[in-house]
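Undergrad: What follows is the file target.cif, containing mmCIF, C-alpha atoms and all ligand atoms:
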```
data_model
loop_
_atom_site.group_PDB
_atom_site.id
_atom_site.type_symbol
_atom_site.label_atom_id
_atom_site.label_comp_id
_atom_site.auth_asym_id
_atom_site.auth_seq_id
_atom_site.Cartn_x
_atom_site.Cartn_y
_atom_site.Cartn_z
ATOM 1 C CA MET A 794 -27.850 37.580 23.901
ATOM 2 C CA MET A 795 -27.269 34.310 22.160
ATOM 3 C CA ASN A 796 -25.325 34.167 18.895
ATOM 4 C CA PRO A 797 -27.860 33.896 16.005
ATOM 5 C CA LEU A 798 -25.702 31.002 14.754
ATOM 6 C CA PRO A 799 -25.149 29.187 18.068
ATOM 7 C CA PHE A 800 -22.938 26.461 16.598
ATOM 8 C CA SER A 801 -20.536 28.934 15.013
ATOM 9 C CA LEU A 802 -17.190 29.443 16.764
ATOM 10 C CA LYS A 803 -16.343 32.619 14.868
ATOM 11 C CA GLY A 804 -14.233 34.941 17.008
ATOM 12 C CA LYS A 805 -13.287 32.164 19.469
ATOM 13 C CA ARG A 806 -9.773 31.012 20.200
ATOM 14 C CA ALA A 807 -9.337 27.267 20.696
ATOM 15 C CA VAL A 808 -6.396 25.186 21.903
ATOM 16 C CA VAL A 809 -6.197 21.413 21.370
ATOM 17 C CA THR A 810 -3.601 19.315 23.193
ATOM 18 C CA GLY A 811 -2.388 16.344 21.150
ATOM 19 C CA GLY A 812 -3.630 18.460 18.262
ATOM 20 C CA LEU A 813 -1.727 16.489 15.609
ATOM 21 C CA GLY A 814 -2.912 13.019 16.731
ATOM 22 C CA LEU A 815 -5.602 10.815 15.224
ATOM 23 C CA LEU A 816 -8.385 12.466 17.180
ATOM 24 C CA GLY A 817 -6.692 15.794 17.975
ATOM 25 C CA SER A 818 -6.135 16.613 14.292
ATOM 26 C CA ALA A 819 -9.798 15.899 13.486
ATOM 27 C CA ILE A 820 -10.867 18.074 16.445
ATOM 28 C CA SER A 821 -8.522 20.901 15.412
ATOM 29 C CA LYS A 822 -9.872 20.806 11.870
ATOM 30 C CA ALA A 823 -13.542 20.705 12.949
ATOM 31 C CA LEU A 824 -13.028 23.650 15.331
ATOM 32 C CA ALA A 825 -11.267 25.640 12.593
ATOM 33 C CA GLN A 826 -13.977 24.759 10.054
ATOM 34 C CA SER A 827 -16.503 26.120 12.579
ATOM 35 C CA GLY A 828 -14.728 29.471 12.589
ATOM 36 C CA ALA A 829 -12.407 29.220 15.614
ATOM 37 C CA SER A 830 -8.795 30.239 15.495
ATOM 38 C CA VAL A 831 -7.026 27.031 16.571
ATOM 39 C CA THR A 832 -3.655 26.311 18.142
ATOM 40 C CA ALA A 833 -2.689 22.640 17.990
ATOM 41 C CA LEU A 834 -0.316 21.732 20.815
ATOM 42 C CA ASP A 835 1.685 18.554 20.385
ATOM 43 C CA TYR A 836 5.041 17.299 21.515
ATOM 44 C CA THR A 837 6.132 16.429 17.987
ATOM 45 C CA ASP A 838 5.565 18.333 14.761
ATOM 46 C CA LYS A 839 4.877 15.185 12.723
ATOM 47 C CA ASN A 840 2.113 15.798 10.172
ATOM 48 C CA TRP A 841 2.144 19.556 10.773
ATOM 49 C CA GLU A 842 3.231 20.412 7.217
ATOM 50 C CA LYS A 843 0.290 18.382 5.876
ATOM 51 C CA TYR A 844 -2.255 20.067 8.177
ATOM 52 C CA LYS A 845 -0.736 23.501 7.617
ATOM 53 C CA LYS A 846 -1.228 23.157 3.884
ATOM 54 C CA GLN A 847 -4.773 21.852 4.316
ATOM 55 C CA ALA A 848 -5.557 24.802 6.626
ATOM 56 C CA SER A 849 -4.137 27.377 4.221
ATOM 57 C CA ASP A 850 -5.916 25.758 1.231
ATOM 58 C CA ASN A 851 -9.214 26.034 3.118
ATOM 59 C CA ASN A 852 -8.604 29.375 4.826
ATOM 60 C CA TRP A 853 -8.747 27.855 8.312
ATOM 61 C CA ALA A 854 -6.928 29.702 11.076
ATOM 62 C CA MET A 855 -4.575 27.035 12.479
ATOM 63 C CA THR A 856 -1.195 27.281 14.157
ATOM 64 C CA PHE A 857 1.026 24.703 15.840
ATOM 65 C CA GLU A 858 3.182 24.860 18.968
ATOM 66 C CA CYS A 859 5.524 22.246 20.326
ATOM 67 C CA PHE A 860 4.255 21.598 23.838
ATOM 68 C CA ASP A 861 4.622 18.737 26.333
ATOM 69 C CA ILE A 862 1.578 18.432 28.595
ATOM 70 C CA THR A 863 3.467 16.188 31.031
ATOM 71 C CA ASP A 864 5.718 19.120 31.868
ATOM 72 C CA THR A 865 3.557 20.546 34.620
ATOM 73 C CA ASP A 866 5.963 23.184 35.917
ATOM 74 C CA ASN A 867 4.902 26.813 35.604
ATOM 75 C CA LEU A 868 1.510 26.038 34.148
ATOM 76 C CA ASP A 869 0.144 29.514 34.671
ATOM 77 C CA SER A 870 3.059 31.316 33.045
ATOM 78 C CA ARG A 871 2.975 28.916 30.074
ATOM 79 C CA LEU A 872 -0.724 29.649 29.616
ATOM 80 C CA GLU A 873 0.075 33.339 29.878
ATOM 81 C CA ASP A 874 2.652 32.899 27.070
ATOM 82 C CA LEU A 875 0.076 31.116 24.910
ATOM 83 C CA GLU A 876 -2.432 33.927 25.522
ATOM 84 C CA GLU A 877 0.147 36.626 24.864
ATOM 85 C CA THR A 878 0.901 35.242 21.413
ATOM 86 C CA GLY A 879 -2.621 34.266 20.326
ATOM 87 C CA GLY A 880 -5.116 36.063 22.583
ATOM 88 C CA ASN A 881 -7.347 34.823 25.384
ATOM 89 C CA ILE A 882 -8.241 31.156 25.203
ATOM 90 C CA ASP A 883 -12.002 30.498 24.994
ATOM 91 C CA ILE A 884 -11.878 26.762 24.281
ATOM 92 C CA TRP A 885 -9.461 24.133 25.590
ATOM 93 C CA VAL A 886 -9.668 20.496 24.449
ATOM 94 C CA ASN A 887 -7.495 17.838 26.112
ATOM 95 C CA ALA A 888 -6.861 15.220 23.418
ATOM 96 C CA ALA A 889 -3.204 14.262 23.939
ATOM 97 C CA TYR A 890 -2.372 10.627 24.626
ATOM 98 C CA PRO A 891 0.873 10.505 26.602
ATOM 99 C CA ARG A 892 1.971 6.950 27.400
ATOM 100 C CA THR A 893 5.111 4.930 28.146
ATOM 101 C CA THR A 894 6.703 2.654 25.532
ATOM 102 C CA ASP A 895 5.489 -0.475 27.370
ATOM 103 C CA TRP A 896 1.879 0.758 27.367
ATOM 104 C CA ALA A 897 -0.649 -1.978 26.536
ATOM 105 C CA LYS A 898 2.042 -4.643 26.922
ATOM 106 C CA TYR A 899 1.893 -5.189 30.663
ATOM 107 C CA SER A 900 -1.631 -6.361 31.356
ATOM 108 C CA GLN A 901 -0.472 -9.845 32.429
ATOM 109 C CA ALA A 902 2.487 -8.861 34.630
ATOM 110 C CA LEU A 903 1.664 -5.536 36.192
ATOM 111 C CA ASN A 904 4.596 -3.131 36.295
ATOM 112 C CA THR A 905 3.991 -0.799 39.231
ATOM 113 C CA ALA A 906 6.357 1.956 38.144
ATOM 114 C CA SER A 907 4.915 2.055 34.643
ATOM 115 C CA TRP A 908 1.351 2.075 36.010
ATOM 116 C CA GLN A 909 2.138 5.074 38.186
ATOM 117 C CA GLN A 910 4.009 6.860 35.420
ATOM 118 C CA ASN A 911 1.087 6.521 33.013
ATOM 119 C CA VAL A 912 -1.417 7.732 35.583
ATOM 120 C CA ASP A 913 0.779 10.745 36.208
ATOM 121 C CA MET A 914 1.466 11.493 32.526
ATOM 122 C CA HIS A 915 -2.143 11.184 31.421
ATOM 123 C CA LEU A 916 -4.561 11.720 34.351
ATOM 124 C CA SER A 917 -2.530 14.323 36.247
ATOM 125 C CA SER A 918 -1.682 16.272 33.092
ATOM 126 C CA TYR A 919 -5.306 16.445 31.922
ATOM 127 C CA CYS A 920 -6.473 17.515 35.398
ATOM 128 C CA LEU A 921 -3.730 20.074 36.049
ATOM 129 C CA TRP A 922 -4.000 21.829 32.680
ATOM 130 C CA SER A 923 -7.788 21.901 33.092
ATOM 131 C CA GLU A 924 -7.453 23.394 36.589
ATOM 132 C CA PHE A 925 -5.186 26.205 35.432
ATOM 133 C CA ILE A 926 -7.025 27.037 32.212
ATOM 134 C CA ALA A 927 -10.388 27.068 34.053
ATOM 135 C CA ALA A 928 -8.994 29.597 36.525
ATOM 136 C CA ARG A 929 -7.753 31.813 33.673
ATOM 137 C CA MET A 930 -11.007 31.522 31.726
ATOM 138 C CA ALA A 931 -12.895 32.600 34.854
ATOM 139 C CA THR A 932 -10.880 35.815 34.965
ATOM 140 C CA HIS A 933 -11.831 36.756 31.424
ATOM 141 C CA GLY A 934 -15.553 35.977 31.390
ATOM 142 C CA GLY A 935 -15.734 32.236 30.817
ATOM 143 C CA GLY A 936 -14.947 29.485 28.366
ATOM 144 C CA ALA A 937 -15.414 25.828 27.506
ATOM 145 C CA ILE A 938 -13.162 22.890 28.358
ATOM 146 C CA VAL A 939 -13.627 19.416 26.880
ATOM 147 C CA ASN A 940 -11.702 16.402 28.148
ATOM 148 C CA VAL A 941 -11.436 13.368 25.900
ATOM 149 C CA ALA A 942 -12.150 10.403 28.165
ATOM 150 C CA SER A 943 -13.301 6.972 26.909
ATOM 151 C CA ILE A 944 -16.050 4.398 27.260
ATOM 152 C CA TYR A 945 -13.447 2.552 29.355
ATOM 153 C CA GLY A 946 -13.856 5.270 31.979
ATOM 154 C CA ILE A 947 -17.439 4.022 32.447
ATOM 155 C CA VAL A 948 -17.475 0.326 31.501
ATOM 156 C CA ALA A 949 -14.828 -2.408 31.556
ATOM 157 C CA PRO A 950 -13.224 -3.642 28.333
ATOM 158 C CA ASP A 951 -14.836 -6.982 27.430
ATOM 159 C CA PRO A 952 -12.025 -9.587 27.685
ATOM 160 C CA GLU A 953 -13.663 -11.536 24.805
ATOM 161 C CA LEU A 954 -12.675 -8.712 22.460
ATOM 162 C CA TYR A 955 -9.004 -9.351 23.120
ATOM 163 C CA ALA A 956 -9.013 -13.163 23.416
ATOM 164 C CA ASN A 957 -5.988 -14.722 21.620
ATOM 165 C CA LEU A 958 -4.861 -11.344 20.295
ATOM 166 C CA ASP A 959 -1.672 -9.492 21.157
ATOM 167 C CA MET A 960 -3.717 -6.478 22.286
ATOM 168 C CA SER A 961 -5.008 -5.180 25.588
ATOM 169 C CA THR A 962 -6.444 -2.160 27.285
ATOM 170 C CA PRO A 963 -4.391 -1.694 30.458
ATOM 171 C CA SER A 964 -6.192 -1.388 33.778
ATOM 172 C CA ALA A 965 -4.465 1.974 34.247
ATOM 173 C CA TYR A 966 -6.513 3.255 31.287
ATOM 174 C CA SER A 967 -9.758 2.641 33.199
ATOM 175 C CA ALA A 968 -8.359 4.390 36.279
ATOM 176 C CA ILE A 969 -7.161 7.328 34.151
ATOM 177 C CA LYS A 970 -10.346 7.791 32.143
ATOM 178 C CA GLY A 971 -12.660 7.256 35.125
ATOM 179 C CA GLY A 972 -10.586 9.839 36.996
ATOM 180 C CA ILE A 973 -10.829 12.315 34.118
ATOM 181 C CA ILE A 974 -14.633 12.012 34.063
ATOM 182 C CA ALA A 975 -14.879 12.543 37.831
ATOM 183 C CA HIS A 976 -12.473 15.487 37.769
ATOM 184 C CA THR A 977 -14.423 17.059 34.877
ATOM 185 C CA LYS A 978 -17.504 17.155 37.138
ATOM 186 C CA HIS A 979 -15.557 18.564 40.091
ATOM 187 C CA LEU A 980 -14.197 21.414 37.992
ATOM 188 C CA ALA A 981 -17.580 22.070 36.341
ATOM 189 C CA ALA A 982 -19.180 22.486 39.766
ATOM 190 C CA ARG A 983 -16.468 24.904 40.924
ATOM 191 C CA TYR A 984 -16.479 27.145 37.854
ATOM 192 C CA GLY A 985 -20.062 27.048 36.536
ATOM 193 C CA ARG A 986 -21.055 30.359 38.074
ATOM 194 C CA GLN A 987 -18.039 32.055 36.522
ATOM 195 C CA GLY A 988 -19.102 31.057 33.012
ATOM 196 C CA VAL A 989 -16.678 28.177 32.550
ATOM 197 C CA ARG A 990 -18.289 24.970 31.281
ATOM 198 C CA VAL A 991 -16.354 21.738 31.670
ATOM 199 C CA ASN A 992 -17.456 18.551 29.903
ATOM 200 C CA ALA A 993 -16.029 15.191 28.917
ATOM 201 C CA VAL A 994 -16.637 13.009 25.904
ATOM 202 C CA SER A 995 -16.318 9.241 25.997
ATOM 203 C CA PRO A 996 -15.566 7.875 22.545
ATOM 204 C CA GLY A 997 -15.768 4.209 21.713
ATOM 205 C CA GLY A 998 -13.210 2.572 19.439
ATOM 206 C CA ILE A 999 -11.986 4.533 16.418
ATOM 207 C CA THR A 1000 -11.011 2.752 13.202
ATOM 208 C CA ASN A 1001 -7.226 2.731 12.994
ATOM 209 C CA GLN A 1002 -5.885 -0.394 11.270
ATOM 210 C CA GLN A 1003 -6.971 -2.761 14.051
ATOM 211 C CA PRO A 1004 -6.701 -6.479 13.184
ATOM 212 C CA ALA A 1005 -9.812 -7.604 11.259
ATOM 213 C CA ILE A 1006 -10.736 -10.157 13.909
ATOM 214 C CA PHE A 1007 -10.772 -7.461 16.590
ATOM 215 C CA ALA A 1008 -12.785 -5.071 14.404
ATOM 216 C CA ASP A 1009 -15.343 -7.824 13.661
ATOM 217 C CA ARG A 1010 -15.765 -8.611 17.361
ATOM 218 C CA TYR A 1011 -15.949 -4.925 18.271
ATOM 219 C CA ASN A 1012 -18.424 -4.037 15.502
ATOM 220 C CA ALA A 1013 -20.771 -6.758 16.690
ATOM 221 C CA LYS A 1014 -20.950 -5.093 20.126
ATOM 222 C CA THR A 1015 -22.199 -1.745 18.798
ATOM 223 C CA MET A 1016 -25.736 -0.777 17.773
ATOM 224 C CA LEU A 1017 -24.430 0.807 14.565
ATOM 225 C CA GLY A 1018 -22.381 -2.285 13.672
ATOM 226 C CA ARG A 1019 -19.088 -0.449 13.198
ATOM 227 C CA MET A 1020 -16.286 1.527 14.811
ATOM 228 C CA ALA A 1021 -16.205 5.352 14.656
ATOM 229 C CA ASN A 1022 -14.039 7.512 12.475
ATOM 230 C CA ALA A 1023 -12.240 10.464 14.072
ATOM 231 C CA GLU A 1024 -14.514 13.085 12.454
ATOM 232 C CA GLU A 1025 -17.530 11.496 14.123
ATOM 233 C CA ILE A 1026 -15.946 12.237 17.512
ATOM 234 C CA SER A 1027 -14.859 15.767 16.583
ATOM 235 C CA TRP A 1028 -18.279 17.259 15.748
ATOM 236 C CA PRO A 1029 -19.916 16.460 19.095
ATOM 237 C CA ILE A 1030 -16.883 18.182 20.668
ATOM 238 C CA VAL A 1031 -17.482 21.276 18.506
ATOM 239 C CA PHE A 1032 -21.074 21.254 19.755
ATOM 240 C CA LEU A 1033 -19.954 21.139 23.412
ATOM 241 C CA CYS A 1034 -17.625 24.096 22.770
ATOM 242 C CA SER A 1035 -20.349 26.179 21.132
ATOM 243 C CA GLU A 1036 -23.065 28.426 22.526
ATOM 244 C CA GLY A 1037 -25.513 25.746 21.417
ATOM 245 C CA ALA A 1038 -24.340 23.841 24.491
ATOM 246 C CA ASN A 1039 -24.547 26.819 26.876
ATOM 247 C CA TYR A 1040 -26.607 24.875 29.406
ATOM 248 C CA ILE A 1041 -24.426 21.755 29.344
ATOM 249 C CA THR A 1042 -21.721 21.389 31.955
ATOM 250 C CA GLY A 1043 -20.400 18.525 34.082
ATOM 251 C CA ALA A 1044 -21.618 16.123 31.393
ATOM 252 C CA ASN A 1045 -19.952 13.100 29.880
ATOM 253 C CA LEU A 1046 -21.174 12.751 26.296
ATOM 254 C CA VAL A 1047 -20.862 9.125 25.208
ATOM 255 C CA ILE A 1048 -20.027 8.752 21.486
ATOM 256 C CA ASP A 1049 -19.912 5.011 20.998
ATOM 257 C CA GLY A 1050 -22.397 3.889 18.341
ATOM 258 C CA GLY A 1051 -24.564 2.554 21.168
ATOM 259 C CA LEU A 1052 -22.015 0.095 22.619
ATOM 260 C CA THR A 1053 -22.550 1.034 26.275
ATOM 261 C CA ALA A 1054 -26.347 1.173 25.906
ATOM 262 C CA LEU A 1055 -26.621 -2.495 24.873
HETATM 263 N N1 LIG B 1101 -8.211 6.077 19.314
HETATM 264 C C1 LIG B 1101 -9.246 5.593 20.005
HETATM 265 O O1 LIG B 1101 -9.847 4.567 19.637
HETATM 266 C C2 LIG B 1101 -9.721 6.314 21.239
HETATM 267 C C3 LIG B 1101 -10.925 5.901 21.816
HETATM 268 C C4 LIG B 1101 -11.373 6.546 22.968
HETATM 269 C C5 LIG B 1101 -10.627 7.573 23.507
HETATM 270 N N2 LIG B 1101 -9.464 7.935 22.921
HETATM 271 C C6 LIG B 1101 -8.711 9.029 23.545
HETATM 272 O O2 LIG B 1101 -8.538 10.048 22.610
HETATM 273 C C7 LIG B 1101 -7.373 10.819 22.936
HETATM 274 C C8 LIG B 1101 -6.493 10.910 21.699
HETATM 275 O O3 LIG B 1101 -6.132 9.608 21.302
HETATM 276 P P1 LIG B 1101 -5.661 9.287 19.807
HETATM 277 O O4 LIG B 1101 -6.252 7.986 19.451
HETATM 278 O O5 LIG B 1101 -5.889 10.467 18.947
HETATM 279 O O6 LIG B 1101 -4.109 9.066 20.054
HETATM 280 P P2 LIG B 1101 -2.865 9.438 19.084
HETATM 281 O O7 LIG B 1101 -1.706 8.692 19.632
HETATM 282 O O8 LIG B 1101 -3.232 9.246 17.655
HETATM 283 O O9 LIG B 1101 -2.683 10.995 19.307
HETATM 284 C C9 LIG B 1101 -2.254 11.510 20.528
HETATM 285 C C10 LIG B 1101 -1.422 12.746 20.270
HETATM 286 O O10 LIG B 1101 -0.935 13.185 21.547
HETATM 287 C C11 LIG B 1101 0.402 13.605 21.360
HETATM 288 N N3 LIG B 1101 1.102 13.533 22.653
HETATM 289 C C12 LIG B 1101 1.531 12.424 23.292
HETATM 290 N N4 LIG B 1101 2.153 12.791 24.433
HETATM 291 C C13 LIG B 1101 2.087 14.136 24.508
HETATM 292 C C14 LIG B 1101 2.556 15.087 25.442
HETATM 293 N N5 LIG B 1101 3.235 14.707 26.525
HETATM 294 N N6 LIG B 1101 2.312 16.409 25.236
HETATM 295 C C15 LIG B 1101 1.638 16.812 24.112
HETATM 296 N N7 LIG B 1101 1.195 15.944 23.172
HETATM 297 C C16 LIG B 1101 1.415 14.626 23.373
HETATM 298 C C17 LIG B 1101 0.983 12.632 20.330
HETATM 299 O O11 LIG B 1101 2.146 13.189 19.710
HETATM 300 C C18 LIG B 1101 -0.189 12.481 19.375
HETATM 301 O O12 LIG B 1101 -0.136 13.426 18.329
HETATM 302 C C19 LIG B 1101 -6.727 10.104 24.116
HETATM 303 O O13 LIG B 1101 -7.182 10.696 25.301
HETATM 304 C C20 LIG B 1101 -7.305 8.698 24.014
HETATM 305 O O14 LIG B 1101 -7.312 8.050 25.251
HETATM 306 C C21 LIG B 1101 -8.997 7.339 21.795
#
```
Please rewrite the model in this file as structure tokens.
TA:
Amino acid sequence: MMNPLPFSLKGKRAVVTGGLGLLGSAISKALAQSGASVTALDYTDKNWEKYKKQASDNNWAMTFECFDITDTDNLDSRLEDLEETGGNIDIWVNAAYPRTTDWAKYSQALNTASWQQNVDMHLSSYCLWSEFIAARMATHGGGAIVNVASIYGIVAPDPELYANLDMSTPSAYSAIKGGIIAHTKHLAARYGRQGVRVNAVSPGGITNQQPAIFADRYNAKTMLGRMANAEEISWPIVFLCSEGANYITGANLVIDGGLTAL
């Protein structure tokens, strides 16, 4: 029987990797506002005091754990630890953004080691944690996984956006995000009949103090004439995690103000 309020996450336990980041914090908050009990995993505790206060002021169930997703040893026992302390995980959102310090600085002279390191830190971590949590969810009746990909997993960054600016989107990012979208579908196909839904979202650019010239160029490429804010990415993710999306799996929901449809 379907929940009479199919978008409510009451009684669900959610985990968000990168849960204190720009997008991860908005996702954590939206999931908690929808009734889920949320654990934000992040490798630093920056901003936690601020979010903790906001959660307690609003009666949202939110906790934080220091957690490095690039540490891919003993995945199953670390998930077991998370479940022992907070209960079975119904919702897992991959929203961390691990990257090397030279990220986005090597588009002209490709650094092979850095390229490989970023693919491993980001693509492999997303895929491996998804693999292990899907297997656990299958043993306790199902769940929902959402991977945060990007429009750059489906289309190339327009070089005109970056012309004469000290900014780039590395080619590794396209390989990583395209890989995450493909792996999302692979996992969805394997676990669908065990009640585990696996979806991706592909956000476009989110407003975050980009240079005005970049924002102007970017805005002109979207149907809505502007970049997104983090909340506008978080609510579609809540939807994918809810029973309202019970028949959606293996999908890649594009949240880009129409950029890729033009
Ligand atoms: N910001 C955008 O415009 C945008 C657009 C499309 C997609 N995305 C995607 O959204 C996701 C989140 O990006 P963001 O903009 O919120 O980035 P962000 O840097 O603001 O947040 C990422 C969070 O991940 C955490 N993190 C980094 N390495 C980690 C690790 N090894 N283990 C655990 N946590 C770790 C960081 O501490 C940070 O809190 C990424 O997958 C990114 O590719 C972002």
Undergrad: Using only C-alpha atoms, pick whichever of A:Gly988, A:Pro797, A:Pro963, A:Gly935 has the shortest atom-to-atom distance to Lys898 of chain A.
TA: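 Between A:Gly988, A:Pro797, A:Pro963, A:Gly935, the residue approaching Lys898 of chain A most closely is A:Pro963.
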Undergrad: Which residues of chain A come within 8 Å of ligand LIG 1101 (chain B), and for each one, what is the closest pair of atoms and their distance in Å to one decimal, counting all atoms listed in the file, sorted by chain and residue number, as CSV?
TA:
```
residue,atom,partner,partner_atom,distance
A:Thr810,CA,B:LIG1101,N7,5.9
A:Gly811,CA,B:LIG1101,O10,3.5
A:Gly812,CA,B:LIG1101,O12,6.1
A:Leu813,CA,B:LIG1101,O12,4.4
A:Gly814,CA,B:LIG1101,O12,3.2
A:Leu815,CA,B:LIG1101,O8,3.7
A:Leu816,CA,B:LIG1101,O5,3.7
A:Gly817,CA,B:LIG1101,O5,5.5
A:Ser818,CA,B:LIG1101,O5,7.7
A:Leu834,CA,B:LIG1101,C15,6.2
A:Asp835,CA,B:LIG1101,N7,3.8
A:Tyr836,CA,B:LIG1101,C15,4.3
A:Thr837,CA,B:LIG1101,O11,5.4
A:Asp838,CA,B:LIG1101,O11,7.9
A:Lys839,CA,B:LIG1101,O12,7.7
A:Cys859,CA,B:LIG1101,C15,7.7
A:Phe860,CA,B:LIG1101,C15,5.5
A:Asp861,CA,B:LIG1101,N6,3.5
A:Ile862,CA,B:LIG1101,N6,4.0
A:Thr863,CA,B:LIG1101,N5,4.7
A:Asp864,CA,B:LIG1101,N5,7.4
A:Asn887,CA,B:LIG1101,O13,7.2
A:Ala888,CA,B:LIG1101,C7,4.5
A:Ala889,CA,B:LIG1101,O10,3.5
A:Tyr890,CA,B:LIG1101,C9,4.2
A:Pro891,CA,B:LIG1101,N4,3.4
A:Arg892,CA,B:LIG1101,N4,6.6
A:Met914,CA,B:LIG1101,N5,7.0
A:His915,CA,B:LIG1101,O13,7.9
A:Asn940,CA,B:LIG1101,O13,7.8
A:Val941,CA,B:LIG1101,O13,5.1
A:Ala942,CA,B:LIG1101,C5,5.7
A:Ser943,CA,B:LIG1101,C5,4.4
A:Ile944,CA,B:LIG1101,C4,6.7
A:Tyr945,CA,B:LIG1101,C4,7.8
A:Tyr966,CA,B:LIG1101,O14,7.8
A:Lys970,CA,B:LIG1101,O14,7.5
A:Ser995,CA,B:LIG1101,C4,6.4
A:Pro996,CA,B:LIG1101,C4,4.4
A:Gly997,CA,B:LIG1101,C3,5.1
A:Gly998,CA,B:LIG1101,O1,3.9
A:Ile999,CA,B:LIG1101,O1,3.9
A:Thr1000,CA,B:LIG1101,O1,6.8
A:Asn1001,CA,B:LIG1101,N1,7.2
A:Ala1023,CA,B:LIG1101,N1,7.9
```
Undergrad: Phe1032 of chain A: which residues within 10 Å, counting all atoms listed in the file, same-chain residues fewer than 4 positions away excluded, as a list in words?
TA: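 Within the cut-off, the hits are Pro799, Phe800, Ser801, Leu802, Leu824, Ser827, Ser1027, Trp1028, Glu1036, Gly1037, Ala1038 and Asn1039 of chain A.
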Undergrad: Closest to Asn1012 of chain A among A:Leu1052, A:Ala956, A:Ala897, A:Ala823, using all atoms listed in the file?
TA: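 Checking each candidate against Asn1012 of chain A, we get A:Leu1052 as the closest.
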Undergrad: Kindly resolve the PyMOL selection byres (((chain A and resi 803-806) around 10) and not hetatm) on the present coordinates and return the residues as a list of chain:residue names.
TA: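 When the PyMOL selection byres (((chain A and resi 803-806) around 10) and not hetatm) is applied, the selected residues are A:Asn796, A:Leu798, A:Pro799, A:Phe800, A:Ser801, A:Leu802, A:Ala807, A:Val808, A:Leu824, A:Ala825, A:Gln826, A:Ser827, A:Gly828, A:Ala829, A:Ser830, A:Val831, A:Thr832, A:Ala854, A:Glu876, A:Gly879, A:Gly880, A:Asn881, A:Ile882, A:Asp883, A:Ile884, A:Trp885, A:Gly936, A:Cys1034, A:Ser1035.
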Undergrad: Near segment 982-984 of chain A, counting only C-alpha atoms, which residues have an atom at most 10 Å away, once you skip same-chain residues fewer than 6 positions from it, shown as number ranges by chain?
TA: A: 924, 927-928, 930-931, 935-936, 976, 990-991, 1042-1043
Undergrad: Restricting it to C-alpha atoms, dump the selection as a short mmCIF file (atom, residue, chain, number, x, y, z; two decimals), in the frame of the given file.
TA:
```cif
data_model
loop_
_atom_site.label_atom_id
_atom_site.label_comp_id
_atom_site.auth_asym_id
_atom_site.auth_seq_id
_atom_site.Cartn_x
_atom_site.Cartn_y
_atom_site.Cartn_z
CA GLU A 924 -7.45 23.39 36.59
CA ALA A 927 -10.39 27.07 34.05
CA ALA A 928 -8.99 29.60 36.52
CA MET A 930 -11.01 31.52 31.73
CA ALA A 931 -12.90 32.60 34.85
CA GLY A 935 -15.73 32.24 30.82
CA GLY A 936 -14.95 29.48 28.37
CA HIS A 976 -12.47 15.49 37.77
CA ARG A 990 -18.29 24.97 31.28
CA VAL A 991 -16.35 21.74 31.67
CA THR A 1042 -21.72 21.39 31.96
CA GLY A 1043 -20.40 18.52 34.08
#
```
Undergrad: For each of A:Ile820, A:Ala848, A:Trp853, A:Tyr919, take the minimum atom-to-atom distance to Leu868 of chain A, counting all atoms listed in the file, then give the residue where this is smallest.
TA: A:Tyr919
Undergrad: In Å, how far is it from atom CA of Leu954 of chain A to atom CA of Ile1030 of chain A?
TA: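 For atom CA of Leu954 of chain A relative to atom CA of Ile1030 of chain A, the distance reads 27.3 Å.
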Undergrad: Between atom CA of Ala981 of chain A and atom CA of Ala993 of chain A, what is the distance in Å, rounded to a tenth?
TA: 10.2 Å
Undergrad: Using all atoms listed in the file, determine which residues lie at most 12 Å from Ser870 of chain A, disregarding the query and same-chain residues fewer than 6 positions distant; provide the list as a PyMOL selection string.
TA: chain A and resi 876-877+922+925-926+929
Undergrad: Go ahead and compute the interatomic distance for atom CA of Lys822 of chain A and atom CA of Leu875 of chain A, in Å to one decimal.
TA: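 Between atom CA of Lys822 of chain A and atom CA of Leu875 of chain A the gap is 19.4 Å.
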Undergrad: Given all atoms listed in the file as the basis, pick out the residue of A:Ala819, A:Val809, A:Ser917, A:Ala1013 nearest to Pro1029 of chain A.
TA: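 Among A:Ala819, A:Val809, A:Ser917, A:Ala1013, it is A:Ala819 that comes nearest to Pro1029 of chain A.
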Undergrad: With all atoms listed in the file as the atoms that count, which of A:Ala949, A:Ala975, A:Ile1026, A:Ile1041 lies nearest to Thr1053 of chain A?
TA: A:Ala949
Undergrad: Quick one: of A:Leu958, A:Met795, A:Ile947, A:Tyr844, who's nearest to Arg1010 of chain A, counting only C-alpha atoms?
TA: A:Leu958
